[in-house]
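Read through the structure below, which is laid out as structure tokens, and then see the notes.
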Amino acid sequence: MPFRRYITVLALAALLGGADAPSEYDVKAAFLLNFTRFVEWAAAPSPDASLSVCVIGGDPFGQALDQTLAGEVIGNRRITPRRLRSLEGASCDVAYFPHANRDTARSLAAMPPRVLTVGEGEEFLRDGGMIAFVMENRRVRFDINMAAVRQGGVRLSSRLLQVARMVK
Amino acid sequence: MTLLRGLFRDWPIKRKLLAVILATTTVAVGLAAAGILWTDSFFYRRLLERDLAALSEIIAENSAAPLAFEDAKAASETLAALRAREHLVGACIYRNDSSVLARYFRSGTRAVCPPRREELAVMPTAGAITISRPITLRGKRLGTLSIEYDLGEVTERRTLYGTTVLAILALSSILAALASARLRDKVAEPVFRLVDTAGAVSRTRDYSIRAERLTGDEMGVLVDAFNDMLSRVQSRDEELQRLLLDREEANRQLLRLNEDLERFAFVASHDLQEPIRMITVYTQLLQKRALLDQTPETAGFVHNIVGGARRMRELVDDLRAYAELGAPNEPDVSIDLNLALEKARDNLALSIRSSGAEIRMADLPQVRAYEGHMVALLQNLIGNAIKYRGPAAPTITVGYREAEELVFSVEDNGIGIAPEFREQVFVPFKRLHGPTIPGSGLGLSICKRVVERYGGRIWVDGAESGGSIFRFALPLEMLVSRSEKKAV
Amino acid sequence: MNRLPLILVIEDNPADVQLLELALSEAGIAADLMTFADGANAMRWIASCGDPNPSGPCPDLAIVDLNLPKYDGLELLNALRRNSGLADVPALVMSSSTSPRDEGRVRSLPNTEYLAKPSDLDAYAEVGAVIARLLARATHGG
């Protein structure tokens with residue numbers, strides 16, 4: 001655990017620092033982990049069930065995804081980062097759609113319930129995504145589409161709304 | 001302290017009661033106030049700590065999201081909510097690397113973040129409480145919240161309570177003093193009544209006065225005891241008065257009886273004198289003229305009449321002398337006792353001659369007295385010595401010495417007096433011998449009466465010769481001038 | 001005047017008068033006695049002796065008892081002395097009183113002798129001697 005905390009701390013410290021500041025996706029990975037903490041997840045189907053964080057269609061995180069998320073535990077569920085070409089046939093708890101994914105709008109329409117969808121850019125919310133990273137003054141912020149959240153049956157902590165840049 | 005105790009001791013009871021009441025009130029209110037103050041301080045602090053714990057929890061809760069997403073603005077807004085708490089000095093949200101994400105400081109305070117701790121900690125510092133609380137999210141530590149809260153509130157409460165207590169104390173003291181005035185009267189009134197009564201009794205010596213019983217408490221018991229004592233004193237006083245009156249009456253009666261007796265003795269002795277003289281002289285005449293039949297028998301009769309008459313005359317003479325000692329006499333003048341002794345010896349010349357007595361005389365002093373008394377005194381003592389002489393010719397020595405008293409002695413070589421009779425000889429008509437030695441039985445009584453009249457005393461001792469030594473002592477004040485010769 | 005000396009006797013006890021007469025005869029004194037048993041009569045008689053020409057004889061000697069009815073002996077003696085005719089007459093007071101006070105008062109008077117009434121027959125010899133002496137003084141001296 002000390003190691004992982006060290007990573008988190010490093011990531012956050014990098015956000016503030018100047019020279020070797022963490023990269024955009026280091027921050028996004030940390031945020032992604034934090035999002036999972038503000039979601040009330042349904043009880044685990046089995047004791048050793050993991051919490052799958054799926055990156056759909058291309059991985060912009062690089063090493064940051066595994067370094068930040070792998071092994072973290074939410075409740076009694078271990079986070080398992082997964083990289084998928086498409087969502088089809090996969091069971092994911094968090095679905096991340098990188099900017100590069102061209103199939104986002106269609107995937108979102110066919111999204112099963114109770115999957116937190118995170119994407120990039122304001123158009124991701126228009127496509128029916130729940131949380132979208134936006135850049136503001138070279139800082140990573142996020143917007144939330146409450147209608148999509150409710151529609152998707154995801155229970156988000158109101159505290160997350162407090163720190164969102166914008167809530168639709 | 002001793003002075004204060006002395007002062008308190010001499011205070012009137014009313015003031016003492018007031019002092020006690022006020023002291024009790026002050027102590028009671030003071031103790032209660034101290035208790036309340038302490039308890040309040042204690043519990044209030046506890047309350048405050050709990051309150052702070054709750055407050056910090058809420059803040060920490062609300063800080064979790066801003067901390068998670070590095071939202072300093074949202075974090076500052078969360079802390080800004082603390083502005084409503086005027087005693088909150090400052091609060092800071094630390095990241096896990098001890099850097100500060102957001103801070104809040106009350107205006108006018110040093111902008112120093114309160115220290116952070118790894119665990120939840122409540123740190124009392126001087127005049128303040130600092131609480132450090134980890135900020136977690138789903139069991140994950142995100143940072144730390146530190147809040148510093150000053151204890152001005154406690155001080156404020158203390159000041160408020162103190163002021164209230166002082167006000168209550170002042171008010172309750174005034175109320176207690178007012179309320180106790182009646183109480184004091186109730187308690188002290190019986191005491192004052194009793195004191196008044198005791199004063200009246202000692203002033204008027206009227207023991208019939210009684211104290212009024214106003215209460216059934218200890219004062220009532222005291223009043224009863226006091227009245228009981230008065231009753232006893234009163235009855236004793238009455239008894240004493242009656243005894244005094246009785247004794248005065250008895251004394252008066254005794255005096256009257258004495259006076260009557262003396263007057264009777266005086267009159268009787270004077271009036272008896274003439275008939276006795278007549279009997280004496282005429283029987284002597286009969287004897288001399290031999291007018292009766294000169295038979296030895298009739299001569300004997302006449303002789304007995306003459307003898308009886310003479311003894312009767314002596315008796316009456318002595319009785320008169322004795323009675324006259326009770327009557328007022330000439331004022332005392334300075335007399336030479338040597339001359340008085342001469343006169344006594346002259347009066348006894350006949351018996352001195354017939355008995356062949358030798359009289360040795362010391363030089364006697366001059367005293368202030370009535371000569372007749374001194375002559376009678378000496379004459380009776382010397383006459384007595386001659387009358388009770390032994391077989392040998394009497395030798396009578398008159399002695400004198402000065403000590404604390406003037407002590408005179410008349411020593412004889414006569415038949416003496418047995419020790420058991422030495423007191424009795426001074427009793428009137430008490431005679432130790434039958435008619436063989438003529439005597440009225442008054443001689444020594446006269447001596448005693450004379451000596452006692454001058455405040456002296458007389459007694460008799462046995463002489464070595466077997467005779468008697470009569471001694472009498474007169475007070476030194478009677479002395480006018482000392483004898484010139486040495487006492488024999 | 002060739003007459004017996006006259007003795008004024010003021011004495012209420014006849015026995016004493018008798019004893020006095022006996023004492024006089026024992027002493028061989030021839031005298032007339034004028035006897036009064038009480039002071040009042042004696043005073044009246046004394047007063048008559050004060051006249052320039054007395055109707056009767058006046059005494060050469062007065063023998064007075066101290067205790068008398070009506071007037072006592074001292075009063076009588078004072079009356080005697082105030083009477084011009086009797087002022088120089090010698091007086092003899094005879095009393096049964098042995099009080100030194102009485103004796104002292106009597107002896108302070110001029111020309112006055114004091115004798116206690118004898119309680120013994122033998123003592124009457126002295127009475128006779130004193131009367132003889134006083135009479136001799138009265139008849140020769142007066």
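Every chain in the structure tokens takes a letter, A first, then B, and so on in the order presented; its residues are numbered from 1, and the ligands are numbered from 1 following the presented order.
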I'd like a table as JSON lines: residues in chain B with an atom no more than 10 Å from chain A, each row giving the shortest atom pair and its distance in Å to one decimal, only C-alpha atoms counted, sorted by chain and rising residue number.
```
{"residue": "B:Glu61", "atom": "CA", "partner": "A:Arg159", "partner_atom": "CA", "distance": 8.9}
{"residue": "B:Asn62", "atom": "CA", "partner": "A:Arg159", "partner_atom": "CA", "distance": 7.1}
{"residue": "B:Ser63", "atom": "CA", "partner": "A:Arg159", "partner_atom": "CA", "distance": 9.0}
{"residue": "B:Ala64", "atom": "CA", "partner": "A:Arg159", "partner_atom": "CA", "distance": 8.2}
{"residue": "B:Ala65", "atom": "CA", "partner": "A:Arg159", "partner_atom": "CA", "distance": 6.0}
{"residue": "B:Pro66", "atom": "CA", "partner": "A:Val163", "partner_atom": "CA", "distance": 5.7}
{"residue": "B:Leu67", "atom": "CA", "partner": "A:Val163", "partner_atom": "CA", "distance": 9.2}
{"residue": "B:Ala68", "atom": "CA", "partner": "A:Asn34", "partner_atom": "CA", "distance": 6.4}
{"residue": "B:Phe69", "atom": "CA", "partner": "A:Phe31", "partner_atom": "CA", "distance": 6.5}
{"residue": "B:Glu70", "atom": "CA", "partner": "A:Leu12", "partner_atom": "CA", "distance": 7.7}
{"residue": "B:Asp71", "atom": "CA", "partner": "A:Val163", "partner_atom": "CA", "distance": 6.4}
{"residue": "B:Ala72", "atom": "CA", "partner": "A:Val163", "partner_atom": "CA", "distance": 9.5}
{"residue": "B:Lys73", "atom": "CA", "partner": "A:Val163", "partner_atom": "CA", "distance": 8.9}
{"residue": "B:Ala74", "atom": "CA", "partner": "A:Val163", "partner_atom": "CA", "distance": 6.3}
{"residue": "B:Ala75", "atom": "CA", "partner": "A:Val163", "partner_atom": "CA", "distance": 8.9}
{"residue": "B:Arg95", "atom": "CA", "partner": "A:Val9", "partner_atom": "CA", "distance": 8.5}
{"residue": "B:Asn96", "atom": "CA", "partner": "A:Val9", "partner_atom": "CA", "distance": 6.7}
{"residue": "B:Asp97", "atom": "CA", "partner": "A:Val9", "partner_atom": "CA", "distance": 6.8}
{"residue": "B:Ser99", "atom": "CA", "partner": "A:Ala13", "partner_atom": "CA", "distance": 9.0}
{"residue": "B:Leu137", "atom": "CA", "partner": "A:Arg37", "partner_atom": "CA", "distance": 6.8}
{"residue": "B:Arg138", "atom": "CA", "partner": "A:Arg37", "partner_atom": "CA", "distance": 6.2}
{"residue": "B:Gly139", "atom": "CA", "partner": "A:Gly75", "partner_atom": "CA", "distance": 8.3}
{"residue": "B:Lys140", "atom": "CA", "partner": "A:Arg37", "partner_atom": "CA", "distance": 9.0}
{"residue": "B:Arg141", "atom": "CA", "partner": "A:Arg5", "partner_atom": "CA", "distance": 8.9}
{"residue": "B:Leu142", "atom": "CA", "partner": "A:Val9", "partner_atom": "CA", "distance": 8.9}
{"residue": "B:Gly143", "atom": "CA", "partner": "A:Val9", "partner_atom": "CA", "distance": 10.0}
```
Exercise for review: Please identify which residues in stretch 106-137 of chain A DSSP calls alpha helix (DSSP H) from the backbone, and express them as a ChimeraX atom specification.
Suggested key: /A:106-109,122-126
Output N, CA and C atoms for every residue in the selection just made, as a PDB file, in the first residue's frame.
```pdb
ATOM      1  N   ARG A 106     -22.363   5.524 -30.706  1.00  0.00           N
ATOM      2  CA  ARG A 106     -23.102   4.273 -30.844  1.00  0.00           C
ATOM      3  C   ARG A 106     -22.919   3.395 -29.610  1.00  0.00           C
ATOM      4  N   SER A 107     -21.722   3.330 -29.102  1.00  0.00           N
ATOM      5  CA  SER A 107     -21.444   2.509 -27.919  1.00  0.00           C
ATOM      6  C   SER A 107     -22.265   2.991 -26.721  1.00  0.00           C
ATOM      7  N   LEU A 108     -22.355   4.317 -26.615  1.00  0.00           N
ATOM      8  CA  LEU A 108     -23.106   4.868 -25.484  1.00  0.00           C
ATOM      9  C   LEU A 108     -24.574   4.490 -25.578  1.00  0.00           C
ATOM     10  N   ALA A 109     -25.105   4.503 -26.785  1.00  0.00           N
ATOM     11  CA  ALA A 109     -26.524   4.207 -26.946  1.00  0.00           C
ATOM     12  C   ALA A 109     -26.812   2.779 -26.540  1.00  0.00           C
ATOM     13  N   GLU A 122     -16.533  18.098 -24.505  1.00  0.00           N
ATOM     14  CA  GLU A 122     -17.901  18.430 -24.163  1.00  0.00           C
ATOM     15  C   GLU A 122     -18.893  17.624 -25.019  1.00  0.00           C
ATOM     16  N   GLU A 123     -18.465  17.227 -26.228  1.00  0.00           N
ATOM     17  CA  GLU A 123     -19.375  16.495 -27.111  1.00  0.00           C
ATOM     18  C   GLU A 123     -19.707  15.135 -26.562  1.00  0.00           C
ATOM     19  N   PHE A 124     -18.801  14.594 -25.664  1.00  0.00           N
ATOM     20  CA  PHE A 124     -19.031  13.283 -25.061  1.00  0.00           C
ATOM     21  C   PHE A 124     -20.313  13.310 -24.229  1.00  0.00           C
ATOM     22  N   LEU A 125     -20.554  14.408 -23.590  1.00  0.00           N
ATOM     23  CA  LEU A 125     -21.781  14.531 -22.803  1.00  0.00           C
ATOM     24  C   LEU A 125     -23.000  14.637 -23.718  1.00  0.00           C
ATOM     25  N   ARG A 126     -22.809  15.369 -24.819  1.00  0.00           N
ATOM     26  CA  ARG A 126     -23.933  15.498 -25.765  1.00  0.00           C
ATOM     27  C   ARG A 126     -24.290  14.127 -26.319  1.00  0.00           C
TER      28      ARG A 126
END
```
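All residues of protein, DNA or RNA that reach within 10 Å of stretch 45-51 of chain A, judged by only C-alpha atoms and not counting those fewer than 2 positions away in the chain, are Thr36, Trp41, Ala42, Ala43, Val53, Cys54, Gly71, Glu72, Val73, Ile74, Gly75, Asn76, Arg77, Arg78, Ile79, Thr80, Pro81, Ser91, Cys92, Asp93 and Val94 of chain A.
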Practice item. Would you mind listing what lies within 8 Å of stretch 365-379 of chain B as a ChimeraX atom specification, with only C-alpha atoms counted and same-chain residues fewer than 6 positions away left out? Key: /B:325,329-338,340-341,343-345,347-348,446-447,450-451,478-484
**Study point:** Residues of chain C within 8 Å of chain B, only C-alpha atoms counted, as number ranges by chain
**Key:** C: 15, 96, 118-121
